[in-house]
$ cat data07.cif   # mmCIF, C-alpha atoms
data_input
loop_
_atom_site.label_atom_id
_atom_site.label_comp_id
_atom_site.auth_asym_id
_atom_site.auth_seq_id
_atom_site.Cartn_x
_atom_site.Cartn_y
_atom_site.Cartn_z
CA MET I 1 -67.85 -60.97 -34.40
CA ILE I 2 -65.94 -58.20 -32.66
CA PRO I 3 -66.27 -58.30 -28.86
CA GLU I 4 -68.23 -55.30 -27.57
CA ASP I 5 -65.27 -54.05 -25.56
CA ALA I 6 -63.00 -54.16 -28.58
CA GLU I 7 -65.55 -52.43 -30.77
CA THR I 8 -65.86 -49.54 -28.34
CA LEU I 9 -62.13 -49.19 -28.06
CA LEU I 10 -61.06 -49.78 -31.64
CA GLY I 11 -64.11 -48.43 -33.44
CA THR I 12 -66.16 -50.31 -35.99
CA PRO I 13 -64.09 -51.30 -39.01
CA ASP I 14 -65.59 -48.58 -41.21
CA GLU I 15 -65.12 -45.83 -38.65
CA SER I 16 -61.80 -46.87 -37.18
CA GLU I 17 -58.94 -44.44 -36.88
CA SER I 18 -57.12 -46.37 -39.56
CA ALA I 19 -59.99 -45.64 -41.93
CA LYS I 20 -59.82 -41.96 -40.99
CA ASP I 21 -56.08 -42.14 -41.53
CA GLY I 22 -56.67 -43.47 -45.01
CA LYS I 23 -58.72 -40.36 -45.78
CA ARG I 24 -56.06 -38.08 -44.31
CA LYS I 25 -53.38 -39.84 -46.31
CA VAL I 26 -54.74 -38.38 -49.55
CA THR I 27 -54.16 -34.91 -48.19
CA ARG I 28 -50.71 -35.85 -46.98
CA GLU I 29 -49.74 -37.28 -50.35
CA GLN I 30 -50.95 -34.09 -52.00
CA GLU I 31 -48.67 -32.18 -49.69
CA GLY I 32 -45.79 -34.33 -50.88
CA GLU I 33 -45.24 -36.20 -47.67
CA GLU I 34 -42.75 -39.03 -47.90
CA ALA I 35 -43.70 -42.68 -47.67
CA SER I 36 -42.47 -43.02 -44.09
CA HIS I 37 -45.77 -41.80 -42.69
CA ASP I 38 -47.74 -44.02 -45.01
CA THR I 39 -45.73 -46.93 -43.69
CA ALA I 40 -46.66 -45.90 -40.15
CA GLU I 41 -50.31 -45.80 -41.18
CA PHE I 42 -49.92 -49.23 -42.68
CA TYR I 43 -48.51 -50.46 -39.36
CA TYR I 44 -51.39 -48.93 -37.46
CA ALA I 45 -54.13 -50.26 -39.74
CA ARG I 46 -52.70 -53.75 -39.49
CA PHE I 47 -52.15 -53.36 -35.76
CA ILE I 48 -55.83 -52.56 -35.26
CA GLU I 49 -56.82 -55.50 -37.46
CA ARG I 50 -54.76 -57.80 -35.26
CA MET I 51 -56.13 -56.28 -32.09
CA ARG I 52 -59.55 -57.51 -33.23
CA HIS I 53 -58.20 -61.04 -33.08
CA GLN I 54 -59.73 -63.25 -30.41
CA SER I 55 -56.37 -63.76 -28.70
CA ALA I 56 -56.01 -60.00 -28.17
CA ARG I 57 -59.13 -59.82 -25.99
CA PRO I 58 -57.20 -59.90 -22.71
CA LEU I 59 -55.15 -56.95 -23.99
CA ILE I 60 -58.29 -55.04 -24.86
CA ALA I 61 -59.70 -55.69 -21.40
CA ARG I 62 -56.46 -54.55 -19.79
CA ILE I 63 -56.35 -51.37 -21.90
CA ARG I 64 -59.95 -50.53 -21.04
CA ALA I 65 -59.22 -50.95 -17.34
CA PHE I 66 -56.20 -48.65 -17.66
CA LEU I 67 -58.22 -46.02 -19.52
CA ARG I 68 -60.97 -46.11 -16.90
CA ALA I 69 -58.41 -45.59 -14.12
CA PHE I 70 -56.35 -42.99 -15.95
CA PRO I 71 -58.27 -39.80 -15.04
CA ALA I 72 -57.65 -40.63 -11.37
CA ARG I 73 -53.92 -40.80 -12.02
CA ASN I 74 -53.51 -37.06 -11.83
CA THR I 75 -50.01 -37.50 -10.47
CA ALA I 76 -47.39 -38.48 -13.03
CA PRO I 77 -49.68 -39.35 -15.96
CA LEU I 78 -46.66 -39.47 -18.26
CA GLU I 79 -44.91 -42.10 -16.16
CA ALA I 80 -48.14 -44.10 -15.89
CA TYR I 81 -48.58 -43.98 -19.66
CA LYS I 82 -44.98 -44.91 -20.46
CA ALA I 83 -44.98 -47.87 -18.09
CA PHE I 84 -48.30 -49.12 -19.42
CA HIS I 85 -47.26 -48.61 -23.04
CA CYS I 86 -44.13 -50.69 -22.48
CA GLU I 87 -46.11 -53.43 -20.77
CA MET I 88 -48.66 -53.58 -23.58
CA VAL I 89 -45.98 -53.67 -26.29
CA GLU I 90 -44.36 -56.60 -24.50
CA LYS I 91 -47.67 -58.43 -24.20
CA ALA I 92 -48.64 -57.76 -27.83
CA SER I 93 -45.24 -58.99 -28.99
CA ALA I 94 -45.57 -62.10 -26.84
CA LEU I 95 -48.94 -62.89 -28.44
CA GLY I 96 -47.19 -63.31 -31.77
CA ILE I 97 -50.28 -62.34 -33.76
CA PHE I 98 -48.45 -59.41 -35.35
CA LYS I 99 -45.38 -61.32 -36.45
CA ASP I 100 -46.21 -62.37 -40.02
CA GLU I 101 -47.71 -59.01 -40.84
CA SER I 102 -44.63 -57.10 -39.74
CA ARG I 103 -42.50 -59.29 -42.00
CA ARG I 104 -44.77 -58.39 -44.88
CA VAL I 105 -44.42 -54.72 -44.01
CA ILE I 106 -40.65 -54.99 -44.39
CA SER I 107 -40.83 -56.58 -47.83
CA GLU I 108 -43.58 -54.25 -49.08
CA GLY I 109 -41.84 -51.25 -47.62
CA SER I 110 -38.62 -52.09 -49.42
CA ASN I 111 -40.51 -52.09 -52.73
CA GLY I 112 -42.13 -48.76 -51.97
CA ALA I 113 -45.63 -50.25 -51.92
CA ARG I 114 -48.31 -48.54 -49.88
CA SER I 115 -51.34 -49.79 -48.04
CA MET K 116 -39.40 -54.66 -36.45
CA GLU K 117 -42.36 -56.51 -34.95
CA ARG K 118 -41.83 -54.70 -31.68
CA GLY K 119 -41.42 -51.39 -33.54
CA ALA K 120 -44.75 -51.87 -35.29
CA ASN K 121 -46.39 -52.71 -31.97
CA ARG K 122 -44.89 -49.63 -30.32
CA ILE K 123 -46.27 -47.37 -33.06
CA GLY K 124 -49.67 -49.05 -33.04
CA MET K 125 -49.99 -49.12 -29.26
CA GLU K 126 -48.98 -45.47 -28.93
CA TYR K 127 -51.57 -44.50 -31.52
CA LEU K 128 -54.29 -46.58 -29.89
CA LEU K 129 -53.61 -45.39 -26.33
CA MET K 130 -53.05 -41.71 -27.08
CA ASN K 131 -56.14 -41.58 -29.25
CA GLN K 132 -58.06 -42.52 -26.10
CA LEU K 133 -56.00 -40.50 -23.61
CA HIS K 134 -55.84 -37.24 -25.56
CA ASP K 135 -58.86 -35.72 -23.81
CA SER K 136 -57.36 -36.46 -20.40
CA VAL K 137 -53.79 -35.48 -21.17
CA PHE K 138 -53.86 -32.55 -23.58
CA PRO K 139 -56.04 -30.19 -21.47
CA THR K 140 -53.63 -30.72 -18.58
CA ILE K 141 -50.70 -29.71 -20.78
CA LEU K 142 -52.67 -26.72 -22.05
CA GLY K 143 -53.19 -25.58 -18.48
CA GLU K 144 -49.58 -26.16 -17.57
CA PHE K 145 -48.26 -24.10 -20.49
CA ALA K 146 -50.98 -21.45 -20.68
CA GLU K 147 -48.56 -18.73 -19.67
CA GLN K 148 -46.08 -19.71 -22.39
CA GLU K 149 -48.91 -19.81 -24.95
CA GLU K 150 -49.87 -16.27 -24.04
CA HIS K 151 -46.21 -15.24 -24.17
CA LEU K 152 -45.91 -16.70 -27.69
CA ARG K 153 -49.11 -14.96 -28.76
CA ARG K 154 -47.77 -11.61 -27.55
CA LYS K 155 -44.46 -12.18 -29.36
CA THR K 156 -46.15 -13.06 -32.65
CA VAL K 157 -48.24 -9.90 -32.44
CA MET K 158 -45.15 -7.85 -31.54
CA TYR K 159 -43.17 -9.28 -34.49
CA SER K 160 -46.02 -9.31 -37.00
CA TRP K 161 -43.98 -6.96 -39.24
CA VAL K 162 -41.10 -9.44 -39.50
CA LEU K 163 -40.42 -10.94 -42.94
CA PRO K 164 -37.98 -13.75 -43.85
CA GLU K 165 -35.46 -11.20 -45.20
CA HIS K 166 -35.33 -9.58 -41.77
CA LEU K 167 -34.16 -12.95 -40.46
CA GLY K 168 -31.30 -13.26 -42.92
CA TYR K 169 -33.08 -15.13 -45.69
CA ALA K 170 -31.88 -13.87 -49.08
CA GLY K 171 -33.57 -16.37 -51.39
CA ALA K 172 -36.64 -16.08 -53.56
CA ALA K 173 -38.74 -19.00 -52.30
CA GLU K 174 -42.45 -18.33 -52.37
CA VAL K 175 -44.03 -20.17 -49.48
CA ASP K 176 -47.62 -21.28 -50.01
CA PHE K 177 -49.16 -19.74 -46.90
CA ASP K 178 -52.62 -20.97 -47.87
CA ALA K 179 -51.38 -24.56 -47.84
CA ILE K 180 -49.70 -23.97 -44.49
CA THR K 181 -52.84 -22.38 -43.04
CA ARG K 182 -54.90 -25.35 -44.24
CA GLU K 183 -52.43 -27.78 -42.70
CA LEU K 184 -52.29 -25.93 -39.39
CA SER K 185 -56.07 -25.61 -39.23
CA SER K 186 -56.25 -29.39 -38.94
CA LEU K 187 -54.07 -29.37 -35.81
CA PRO K 188 -56.90 -29.03 -33.23
CA GLN K 189 -58.69 -32.03 -34.77
CA THR K 190 -55.68 -34.31 -34.33
CA ARG K 191 -55.43 -36.39 -31.17
CA THR K 192 -52.30 -38.49 -31.18
CA PRO K 193 -48.73 -37.18 -30.83
CA ARG K 194 -47.97 -38.75 -34.17
CA ASP K 195 -50.76 -36.95 -36.05
CA LYS K 196 -49.90 -33.61 -34.44
CA MET K 197 -46.27 -34.15 -35.41
CA VAL K 198 -47.28 -35.01 -38.97
CA VAL K 199 -49.08 -31.67 -39.28
CA LEU K 200 -46.06 -29.71 -38.04
CA VAL K 201 -43.66 -31.71 -40.20
CA ASN K 202 -45.91 -31.16 -43.23
CA VAL K 203 -45.57 -27.42 -42.66
CA CYS K 204 -41.78 -27.89 -42.80
CA ARG K 205 -42.14 -29.97 -45.95
CA ILE K 206 -44.15 -27.22 -47.65
CA ILE K 207 -41.31 -24.81 -46.85
CA VAL K 208 -38.67 -27.28 -48.07
CA SER K 209 -40.70 -27.78 -51.25
CA ALA K 210 -40.78 -24.00 -51.80
CA LEU K 211 -37.03 -23.81 -51.24
CA GLN K 212 -36.40 -26.58 -53.75
CA SER K 213 -38.32 -24.77 -56.47
CA ASP K 214 -36.96 -21.26 -55.94
CA GLY K 215 -34.51 -21.48 -58.83
CA ALA K 216 -31.41 -21.44 -56.63
CA GLU K 217 -28.80 -24.07 -57.33
CA ARG K 218 -28.66 -26.12 -54.15
CA GLN K 219 -28.46 -29.80 -53.38
CA SER K 220 -30.98 -29.60 -50.55
CA ALA K 221 -32.57 -27.11 -48.22
CA THR K 222 -30.44 -26.45 -45.15
CA ALA K 223 -31.42 -25.31 -41.68
CA ASP K 224 -30.12 -21.84 -42.57
CA ASP K 225 -32.73 -21.67 -45.33
CA ILE K 226 -35.57 -23.35 -43.48
CA LEU K 227 -35.41 -21.59 -40.11
CA PRO K 228 -36.03 -17.96 -41.25
CA LEU K 229 -39.01 -19.06 -43.33
CA LEU K 230 -40.38 -21.25 -40.56
CA ILE K 231 -40.05 -18.46 -37.99
CA ALA K 232 -41.89 -16.14 -40.38
CA VAL K 233 -44.58 -18.77 -40.84
CA ILE K 234 -45.06 -19.16 -37.09
CA ILE K 235 -45.30 -15.39 -36.64
CA ARG K 236 -47.71 -14.98 -39.52
CA SER K 237 -49.96 -17.98 -38.97
CA ARG K 238 -50.00 -17.93 -35.14
CA PRO K 239 -50.80 -21.64 -34.72
CA VAL K 240 -53.22 -22.37 -31.91
CA ASN K 241 -51.65 -23.98 -28.83
CA LEU K 242 -48.30 -24.49 -30.53
CA VAL K 243 -46.29 -24.59 -27.29
CA SER K 244 -48.57 -27.23 -25.75
CA THR K 245 -48.63 -29.23 -28.98
CA VAL K 246 -44.83 -29.36 -29.12
CA LYS K 247 -44.65 -30.35 -25.43
CA TYR K 248 -47.32 -33.02 -25.95
CA ILE K 249 -45.32 -34.51 -28.83
CA GLN K 250 -42.04 -34.37 -26.91
CA MET K 251 -43.61 -36.04 -23.90
CA TYR K 252 -45.78 -38.73 -25.46
CA ARG K 253 -44.23 -39.56 -28.84
CA GLU K 254 -42.04 -42.63 -29.02
CA PRO K 255 -38.49 -41.28 -28.50
CA GLU K 256 -37.08 -43.15 -31.48
CA GLN K 257 -39.70 -41.48 -33.69
CA LEU K 258 -38.18 -38.12 -32.73
CA THR K 259 -34.74 -39.01 -34.06
CA ASP K 260 -35.41 -39.97 -37.69
CA SER K 261 -35.73 -37.61 -40.68
CA THR K 262 -39.21 -36.62 -39.56
CA GLY K 263 -37.87 -35.92 -36.11
CA TYR K 264 -35.19 -33.74 -37.70
CA LEU K 265 -37.85 -31.53 -39.29
CA PHE K 266 -39.78 -31.44 -36.03
CA THR K 267 -36.60 -30.18 -34.33
CA HIS K 268 -36.75 -27.15 -36.64
CA VAL K 269 -40.18 -26.33 -35.24
CA VAL K 270 -38.84 -26.64 -31.70
CA HIS K 271 -35.92 -24.32 -32.51
CA CYS K 272 -38.12 -21.74 -34.21
CA LEU K 273 -40.54 -21.76 -31.31
CA ALA K 274 -37.65 -21.08 -28.96
CA ALA K 275 -36.32 -18.35 -31.27
CA VAL K 276 -39.66 -16.51 -31.20
CA THR K 277 -40.40 -16.91 -27.51
CA LEU K 278 -36.86 -16.18 -26.27
CA SER K 279 -36.23 -13.22 -28.55
#

$ encode --input "data07.cif" --output "structure tokens"
Amino acid sequence: MIPEDAETLLGTPDESESAKDGKRKVTREQEGEEASHDTAEFYYARFIERMRHQSARPLIARIRAFLRAFPARNTAPLEAYKAFHCEMVEKASALGIFKDESRRVISEGSNGARS
Amino acid sequence: MERGANRIGMEYLLMNQLHDSVFPTILGEFAEQEEHLRRKTVMYSWVLPEHLGYAGAAEVDFDAITRELSSLPQTRTPRDKMVVLVNVCRIIVSALQSDGAERQSATADDILPLLIAVIIRSRPVNLVSTVKYIQMYREPEQLTDSTGYLFTHVVHCLAAVTLS
């Protein structure tokens, strides 16, 4: 079961941004876009999947707290975002829950496969 | 690579949520430049690619470009906004590659006149703020690959129109 906080932040699986991305991708492919963006969408879809993992709950809580505080940060929002983004990337990497998937991305990407 | 995937995913996740806080601020900050661009596009509405030194026969699909640009206000993340702008460039590149001329690939000299004409003709909504938003909040390394190269064309064309 997806924690309520995570569901609000990430969307339900059927309505998540990755699902919307999948719909947009058809348009992009029709426009002849190269696979690089599809690869990015693959990253994102898998990233969201992993963020639903139980061990990512502290990250979700931290992100929600940041988002709640953000409107008050009317000075230097860019700096606040960049610092927080870096911190979250570090923490997500330290969790290790994305590791195997990213390896798969490399091998699938090299064969030109798409999500 | 793991970290790269996390950077992309985290940017997408955060900016999807922060768009409504951040983008209106940028719109306000660059309102004057948006109005300046609007005035320039009206002033130069007679300009065609041949006036800008383009001598080829590429037929740009303006309907496809209009459709692509119309999706811009619905996008939220820097990445998705950049994809829309880069897709516009790709439509132009595609037109250049099928214009019958014998060339290995489309160069900046071919792309820029057509892209300037496209910006003048299509008058994209909030283009200045969109470009600033991407430059500020997109992962820097995502601005330096082949997609970033096409995005740079948009930046140059925007400057060409507004500074002319």

$ atom_distance --input "data07.cif" --atom1 "CA of Ile206 in chain K" --atom2 "CA of Glu183 in chain K"
9.7 Å

$ resolve_selection --input "data07.cif" --expression "the PyMOL selection byres ((chain K) within 9 of (chain I))" --output "PyMOL selection string"
chain K and resi 116-133+136-137+179+198-199+201-202+205-206+209+251-252+262

$ resolve_selection --input "data07.cif" --expression "the PyMOL selection byres ((chain K and resi 214) around 12)" --output "short mmCIF file (atom, residue, chain, number, x, y, z; two decimals) with C-alpha atoms, in the coordinates of the input"
data_model
loop_
_atom_site.label_atom_id
_atom_site.label_comp_id
_atom_site.auth_asym_id
_atom_site.auth_seq_id
_atom_site.Cartn_x
_atom_site.Cartn_y
_atom_site.Cartn_z
CA ALA K 170 -31.88 -13.87 -49.08
CA GLY K 171 -33.57 -16.37 -51.39
CA ALA K 172 -36.64 -16.08 -53.56
CA ALA K 173 -38.74 -19.00 -52.30
CA GLU K 174 -42.45 -18.33 -52.37
CA VAL K 175 -44.03 -20.17 -49.48
CA ILE K 207 -41.31 -24.81 -46.85
CA VAL K 208 -38.67 -27.28 -48.07
CA SER K 209 -40.70 -27.78 -51.25
CA ALA K 210 -40.78 -24.00 -51.80
CA LEU K 211 -37.03 -23.81 -51.24
CA GLN K 212 -36.40 -26.58 -53.75
CA SER K 213 -38.32 -24.77 -56.47
CA GLY K 215 -34.51 -21.48 -58.83
CA ALA K 216 -31.41 -21.44 -56.63
CA GLU K 217 -28.80 -24.07 -57.33
CA ARG K 218 -28.66 -26.12 -54.15
CA SER K 220 -30.98 -29.60 -50.55
CA ALA K 221 -32.57 -27.11 -48.22
CA ASP K 225 -32.73 -21.67 -45.33
#

$ closest_residue --input "data07.cif" --among "K:Cys272, K:Leu258, K:Met197, K:Ile226" --to "Val246 in chain K" --atoms "only C-alpha atoms"
K:Met197

$ atom_distance --input "data07.cif" --atom1 "CA of Thr156 in chain K" --atom2 "CA of Thr245 in chain K"
16.8 Å
